Amino acid sequence: MNFKLNSKPAFWRLLLVGLAVLVGEAAWAAGAGLLKVGLMEEPKTLNVFGAKDVWAAKVLLFSYQRLYYRDPSGHELIPWLAAEKAVWDPQSKSVTFRLRDAQWDDGTAFTSEDVVFTAQLITRFRIPAYWNNWEFVERVEAPDPKTVRLTLKRPMAILWERTLTSIVVQKKRWKPLLDKAEQMLQEGVRAQEALGKSKEEAYRLALAKPLEFLTTHPVTKPESLGPFTLQQWQKGAYIHMARNERFFGLGKQIEGQDVGPFVEGIIFKIYGNTDTAVLALKKGDIDYLWWGIESGYLEDLKGNPNIRMFSALKGGYRYLGFNLRKPPMSDLAFRHAVAFLVDKDFVIQRILHGQGCRLDTLIQPDNVQYCLGNPPKYGQDLSWKERVEKAKSILKEAGYSWEVEPVGGNFPGQFSVQGKGLRLPGAQPVGPLNLLTPPADYDAQRAQTGNLIQQWLRDFGVPVQWRPMAFAALSKKVESDRDFEMFVSGWGALGQDPDYLRSFFHSKADVVGGKNFCCYRNPEFDRLADLQAETMDLEKRRELVMQLQQLLMRDLPYIPLYVPMNLEAVRTDKFSGWVEMPGGIGNLWTFLKVRPRKK
Amino acid sequence: MNLRKFLLVRSWQILLTFFIVLTLLFILFRMAPGDPLSTIADPLMTQEEVEILKAQFGLDQPLHRQYVLYLWNFMKGEFGTSFHYRQPVVQILADRLPKTALLFTTVTILYALAGISLGKILAWKRGSLLDTGMSFLGLLTHTFFLPWLALLMIWIFGYHLGWFPLNGIVSPEIWLDPESGLFLKVLDVLHHMALPMAVLFLTHFGGYTLVMRSTMLETLREDYILTARAKGLPERVIRNRHAAPNASLPVVTSLGLSLAFSINGGALTETIFSWPGLGRELVSSVAHGDYPLAQAAFLLIAAFVLVSNLLVDIIYAYLDPRIRY
């Protein structure tokens with residue numbers, strides 16, 4: 001009797017452990033030699049023209065390759081599918097280059113026809129997110145199977161950083177789809193013209209259907225020119241990519257770099273939350289978590305001898321934006337005064353716990369080619385008391401006054417006399433002003449930064465109200481309605497080309513749908529921005545971009561705040577060779593160079 | 001009212017309710033602040049590209065035209081294409097629904113059965129140590145904050161003891177191994193289900209247990225139970241044949257609705273355990289303004305709830321002879 005009673009739990013315990021061992025052993029045996037990478041979500045689609053999410057971009061990085069790619073330092077573009085540097089001919093407004101010998105994963109040769117076809121597909125159907133990199137290209141030609149010539153309608157400097165780094169798809173794979181889409185387009189155009197629309201209008205209206213067809217076409221196995229090829233996607237569970245034995249760089253040197261891949265393949269595992277993903281990393285279920293880790297996990301992970309942390313600046317930045325349509329934000333003196341009061345170093349220490357980099361211009365510091373070397377650093381070497389005095393003197397000089405004049409204290413944010421009732425030069429009271437931020441559950445750092453700035457400005461006598469709101473609501477207020485006074489927001493994934501400054505601050509972009517939310521209007525800026533966009537000479541363009549930044553940092557439509565750090569973690573016991581580039585170790589070079597550790 | 005007439009009336013009511021839900025969903029999503037394109041368009045896209053995207057998604061049309069198209073497509077059985085997945089939403093739902101049903105419907109049945117059985121026994125043994133202990137335990141686990149409990153279970157049983165996988169539905173290493181047979185694969189799925197099921201079971205069985213215990217206690221005070229005792233029927237028969245079926249009526253209603261709602265999964269559970277089900281998708285589609293996917297998911301849930309209500313009404317009449325339609 002006793003034996004029976006005790007044997008039941010023992011039996012179940014044995015069964016449970018047996019099950020765990022059985023499944024665990026099988027998992028261990030099959031998984032050796034594969035790099036296991038954790039993702040927070042799976043790709044939404046593998047149709048490269050339909051994919052708009054970061055997860056698809058990560059997986060597709062290994063299949064669709066680019067003509068030029070950044071070297072491991074991240075500072076220079078090197079030929080990738082191209083075999084040589086492209087040479088600009090200002091007379092014919094064209095660039096010509098040769099291609100490498102490469103094969104698609106199905107054994108088909110990669111030729112200039114693939115490049116021509118890709119350009120045709122993108123421009124004919126104006127594929128969003130790609131078309132802006134190609135719309136200024138008049139024609140793409142293939143004089144021979146290994147030579148490509150691009151002729152531009154007008155010189156455009158983004159050719160180097162965006163057009164030539166755009167992906168190439170396989171003509172063989174996409175041609176039947178393009179033909180069908182073309183048929184839809186023709187039918188649509190005829191139908192629209194029959195309704196009396198002009199040729200361009202009919203074309204524009206007829207685009208939706210073929211575009212929908214192209215971007216929703218199910219792609220279960222993307223064609224690959226890259227180091228890995230997709231083997232299996234078990235929806236909701238994992239993605240398996242195997243080494244592409246036909247990859248053009250396999251075992252070779254490209255531009256002085258040893259190229260693998262040295263691993264058999266990659267398994268992407270999907271984790272819905274950081275807590276579990278970090279546990280998986282600690283347990284050894286994954287070798288690399290391809291997602292930024294919050295600083296709260298740092299201490300825990302640092303203590304683990306098998307885990308190494310990497311930190312790099314994120315690809316984007318945070319800023320305080322002003323609505324220049326409304327007083328007092330329309331007054332340069334007010335914006336300058338605010339710039340002196342915003343203590344960025346304090347924000348980085350207190351809110352980002354040191355995991356960020358001060359930003360004093362509107363191009364990231366790791367963009368060494370274009371970042372302004374010595375921008376004005378408002379208040380950097382001043383004590384808090386001096387900052388307050390400086391801000392006061394700027395406003396007083398511009399004719400502002402207070403009911404109660406503020407006096408700064410000894411510590412950042414401290415006031416020995418709190419200011420009250422700031423008045424405009426005409427003695428009208430300022431405000432009330434709203435300072436919009438996303439909510440803490442969307443981005444705690446931005447929300448807390450907004451709160452801090454509110455406190456500083458209030459104590460200075462500016463009636464500011466911090467208003468965190470859902471990101472969608474904030475976007476609507478700022479981008480569509482333009483109904484705001486100040487906001488803390490950010491840009492991400494800006495890339496290396498600085499032409500985004502033109503999109504954000506050119507007066508032509510101050511329209512609904514445009515990105516000049518602040519209503520910055522400066523004819524000199526517009527002229528320089530247009531000029532840099534057309535300057536193909538990189539040195540000359542660099543000088544123009546520096547001038548643009550100087551103008552922006554003088555006029556301060558945005559006060560740049562900080563660039564957050566991207567903290568990433570890997571296991572060091574099984575693989576080595578992670579490559580640090582701007583943005584982090586999640587780059588193509590890492591997967592080309594990482595190799596199993598020798599036992 | 002006979003059953004046929006009742007069914008006819010209820011079917012009309014269901015259709016009307018469904019139409020109202022259909023319309024409300026359309027209005028609510030359009031009233032929500034923000035632009036669905038804001039999560040799709042990247043900062044480098046030109047204004048013209050955003051306009052092309054808008055036209056492609058049909059968002060350039062006036063609202064009334066979008067509504068008519070929405071109704072017309074619904075009549076044709078088309079729910080549109082997800083803005084984010086670029087796939088017909090029916091395909092996405094068809095992929096997610098079985099996974100949610102596998103986990104949530106299974107565990108719902110398990111905790112309901114356990115709750116009913118346990119509640120019955122506790123009421124029968126009211127005042128005993130078992131009753132006090134289990135009632136307290138049921139109440140305690142029912143009040144657990146699910147994400148906390150889930151992470152705790154993962155930490156103990158997944159990370160420290162290593163008995164169960166941390167998350168997911170399958171292990172790629174097993175499913176990629178050509179030598180793994182069906183048995184091992186099934187075992188692997190069950191292995192992955194264990195932790196989320198344990199968490200859901202712990203947080204839900206207490207509710208059913210306490211409701212069943214309470215209704216059972218009321219039933220035991222009924223005259224017909226006294227009569228059964230007077231007739232000298234065995235205790236087990238009185239408990240299981242006479243008291244329990246009557247006491248379980250409110251629980252059946254609750255179970256019907258729970259089963260219907262089980263298809264929406266639990267966003268928290270699915271997120272923490274990376275379970276690729278409908279609940280996580282529902283939250284994500286709402287957050288990203290993926291109207292077609294969110295609308296279709298909500299409509300599916302509404303349809304399940306409405307039909308389950310009808311079924312519960314019918315079952316109710318079957319279980320309780322006093323109820324006639």
# chains A, B, ... in the order shown; residues from 1 in each chain; ligands from 1
>>> select_by_dssp(residues="range 86-212 of chain A", states="helix (DSSP H, G or I)", output="PyMOL selection string")
chain A and resi 112-124+131-133+158-163+171-194+199-206+208-212
>>> residues_around(residues="range 262-271 of chain A", least_positions_apart="2", cutoff="9 Å", atoms="only C-alpha atoms", output="PyMOL selection string")
(chain A and resi 31+33-42+59+228-229+236-244+250-251+259-260+273-274+276-277+286+591-596) or (chain B and resi 167-168+171-173+271-275)
>>> write_last_selection(atoms="N, CA and C atoms", output="compact mmCIF listing (two decimals), in the first residue's frame")
# COMPACT_ATOMS: atom_id res chain seq x y z
N GLY A 31 20.74 20.59 -33.24
CA GLY A 31 21.02 22.02 -33.34
C GLY A 31 22.49 22.39 -33.44
N GLY A 33 26.09 23.39 -34.61
CA GLY A 33 26.63 23.99 -35.84
C GLY A 33 25.78 25.08 -36.43
N LEU A 34 24.61 25.30 -35.89
CA LEU A 34 23.75 26.36 -36.39
C LEU A 34 23.77 27.54 -35.44
N LEU A 35 23.78 28.73 -36.01
CA LEU A 35 23.74 29.94 -35.20
C LEU A 35 22.28 30.22 -34.87
N LYS A 36 21.99 30.34 -33.59
CA LYS A 36 20.58 30.56 -33.20
C LYS A 36 20.40 32.01 -32.79
N VAL A 37 19.50 32.64 -33.48
CA VAL A 37 19.31 34.08 -33.29
C VAL A 37 17.87 34.34 -32.83
N GLY A 38 17.74 35.14 -31.80
CA GLY A 38 16.41 35.47 -31.28
C GLY A 38 15.88 36.73 -31.94
N LEU A 39 14.63 36.66 -32.39
CA LEU A 39 13.93 37.85 -32.90
C LEU A 39 12.72 38.07 -32.01
N MET A 40 12.25 39.29 -31.94
CA MET A 40 11.09 39.55 -31.09
C MET A 40 9.77 39.27 -31.82
N GLU A 41 9.80 39.35 -33.13
CA GLU A 41 8.62 39.00 -33.92
C GLU A 41 9.10 38.32 -35.18
N GLU A 42 8.18 37.67 -35.87
CA GLU A 42 8.58 37.09 -37.14
C GLU A 42 8.26 38.07 -38.27
N VAL A 59 15.60 39.27 -42.08
CA VAL A 59 15.67 37.96 -42.74
C VAL A 59 16.04 38.11 -44.22
N PHE A 228 23.02 33.24 -47.31
CA PHE A 228 22.13 32.20 -46.80
C PHE A 228 20.88 32.13 -47.67
N THR A 229 20.28 30.97 -47.64
CA THR A 229 19.06 30.79 -48.41
C THR A 229 18.00 30.16 -47.50
N GLY A 236 5.23 31.28 -36.97
CA GLY A 236 5.02 31.47 -35.54
C GLY A 236 6.07 30.78 -34.67
N ALA A 237 6.97 30.03 -35.30
CA ALA A 237 7.93 29.26 -34.49
C ALA A 237 9.38 29.58 -34.84
N TYR A 238 9.76 29.36 -36.06
CA TYR A 238 11.17 29.58 -36.41
C TYR A 238 11.33 29.74 -37.92
N ILE A 239 12.51 30.25 -38.29
CA ILE A 239 12.89 30.34 -39.70
C ILE A 239 14.27 29.70 -39.80
N HIS A 240 14.43 28.83 -40.75
CA HIS A 240 15.73 28.18 -40.91
C HIS A 240 16.35 28.63 -42.22
N MET A 241 17.55 29.16 -42.15
CA MET A 241 18.29 29.53 -43.36
C MET A 241 19.56 28.71 -43.39
N ALA A 242 19.86 28.16 -44.55
CA ALA A 242 21.08 27.36 -44.71
C ALA A 242 22.11 28.15 -45.49
N ARG A 243 23.36 27.81 -45.30
CA ARG A 243 24.42 28.50 -46.05
C ARG A 243 24.19 28.28 -47.55
N ASN A 244 24.31 29.36 -48.30
CA ASN A 244 24.14 29.29 -49.74
C ASN A 244 25.49 28.92 -50.36
N LEU A 250 31.73 33.23 -50.88
CA LEU A 250 32.03 32.10 -49.99
C LEU A 250 33.51 31.71 -50.03
N GLY A 251 34.16 31.90 -48.88
CA GLY A 251 35.56 31.51 -48.75
C GLY A 251 36.53 32.44 -49.47
N VAL A 259 35.58 36.53 -46.18
CA VAL A 259 34.12 36.37 -46.19
C VAL A 259 33.76 34.90 -46.05
N GLY A 260 32.80 34.63 -45.20
CA GLY A 260 32.29 33.27 -45.01
C GLY A 260 31.07 33.05 -45.88
N ASN A 273 8.64 38.67 -26.05
CA ASN A 273 8.98 39.67 -25.04
C ASN A 273 10.45 39.53 -24.64
N THR A 274 10.99 40.64 -24.18
CA THR A 274 12.43 40.68 -23.88
C THR A 274 12.79 39.78 -22.70
N THR A 276 11.69 36.86 -21.70
CA THR A 276 11.91 35.46 -22.08
C THR A 276 13.11 35.35 -23.01
N ALA A 277 13.27 36.32 -23.88
CA ALA A 277 14.41 36.26 -24.81
C ALA A 277 15.73 36.33 -24.06
N ILE A 286 19.58 30.53 -27.39
CA ILE A 286 19.97 31.33 -28.55
C ILE A 286 21.39 31.84 -28.32
N PHE A 591 27.32 38.13 -39.84
CA PHE A 591 26.91 36.78 -40.25
C PHE A 591 27.86 36.18 -41.31
N LEU A 592 28.68 37.06 -41.91
CA LEU A 592 29.68 36.56 -42.85
C LEU A 592 30.96 36.15 -42.13
N LYS A 593 31.16 36.69 -40.93
CA LYS A 593 32.44 36.47 -40.25
C LYS A 593 32.34 35.61 -38.99
N VAL A 594 31.15 35.52 -38.42
CA VAL A 594 31.04 34.77 -37.17
C VAL A 594 31.32 33.29 -37.44
N ARG A 595 32.06 32.66 -36.53
CA ARG A 595 32.42 31.26 -36.74
C ARG A 595 32.37 30.49 -35.41
N PRO A 596 32.14 29.17 -35.51
CA PRO A 596 32.08 28.39 -34.27
C PRO A 596 33.43 28.42 -33.57
N ASN B 167 9.52 29.00 -24.24
CA ASN B 167 8.44 29.64 -25.00
C ASN B 167 8.22 28.91 -26.31
N GLY B 168 7.31 29.43 -27.10
CA GLY B 168 7.11 28.92 -28.45
C GLY B 168 6.17 27.74 -28.50
N SER B 171 10.13 23.12 -31.09
CA SER B 171 11.59 23.32 -31.08
C SER B 171 12.09 23.12 -32.50
N PRO B 172 12.73 24.14 -33.09
CA PRO B 172 13.20 23.99 -34.47
C PRO B 172 14.15 22.81 -34.63
N GLU B 173 14.96 22.57 -33.59
CA GLU B 173 15.95 21.50 -33.70
C GLU B 173 15.29 20.14 -33.92
N THR B 271 1.79 36.45 -25.63
CA THR B 271 3.00 37.26 -25.77
C THR B 271 4.13 36.69 -24.91
N ILE B 272 3.80 36.38 -23.66
CA ILE B 272 4.85 35.90 -22.75
C ILE B 272 5.42 34.56 -23.21
N PHE B 273 4.53 33.68 -23.68
CA PHE B 273 5.01 32.36 -24.10
C PHE B 273 5.29 32.30 -25.61
N SER B 274 5.26 33.44 -26.27
CA SER B 274 5.47 33.51 -27.73
C SER B 274 4.61 32.47 -28.44
N TRP B 275 3.38 32.36 -28.02
CA TRP B 275 2.47 31.41 -28.64
C TRP B 275 1.85 32.10 -29.86
>>> residues_around(residues="Ile394 in chain A", least_positions_apart="4", cutoff="8 Å", atoms="only C-alpha atoms", output="PyMOL selection string")
chain A and resi 333-334+336-337+390+398
>>> select_by_dssp(residues="range 333-525 of chain A", states="strand (DSSP E or B)", output="ChimeraX atom specification")
/A:356-358,401,404,407-408,415-417,419-420,423,429,433-437,460,464-468,486-492
>>> residues_around(residues="Ala247 in chain B", least_positions_apart="4", cutoff="7 Å", atoms="only C-alpha atoms", output="list in words")
Met212, Thr215, Met216, Thr219 and Ala243 of chain B
>>> closest_residue(among="A:Phe97, A:Thr118, A:Val168, A:Gln532", to="Val148 in chain A", atoms="only C-alpha atoms")
A:Phe97
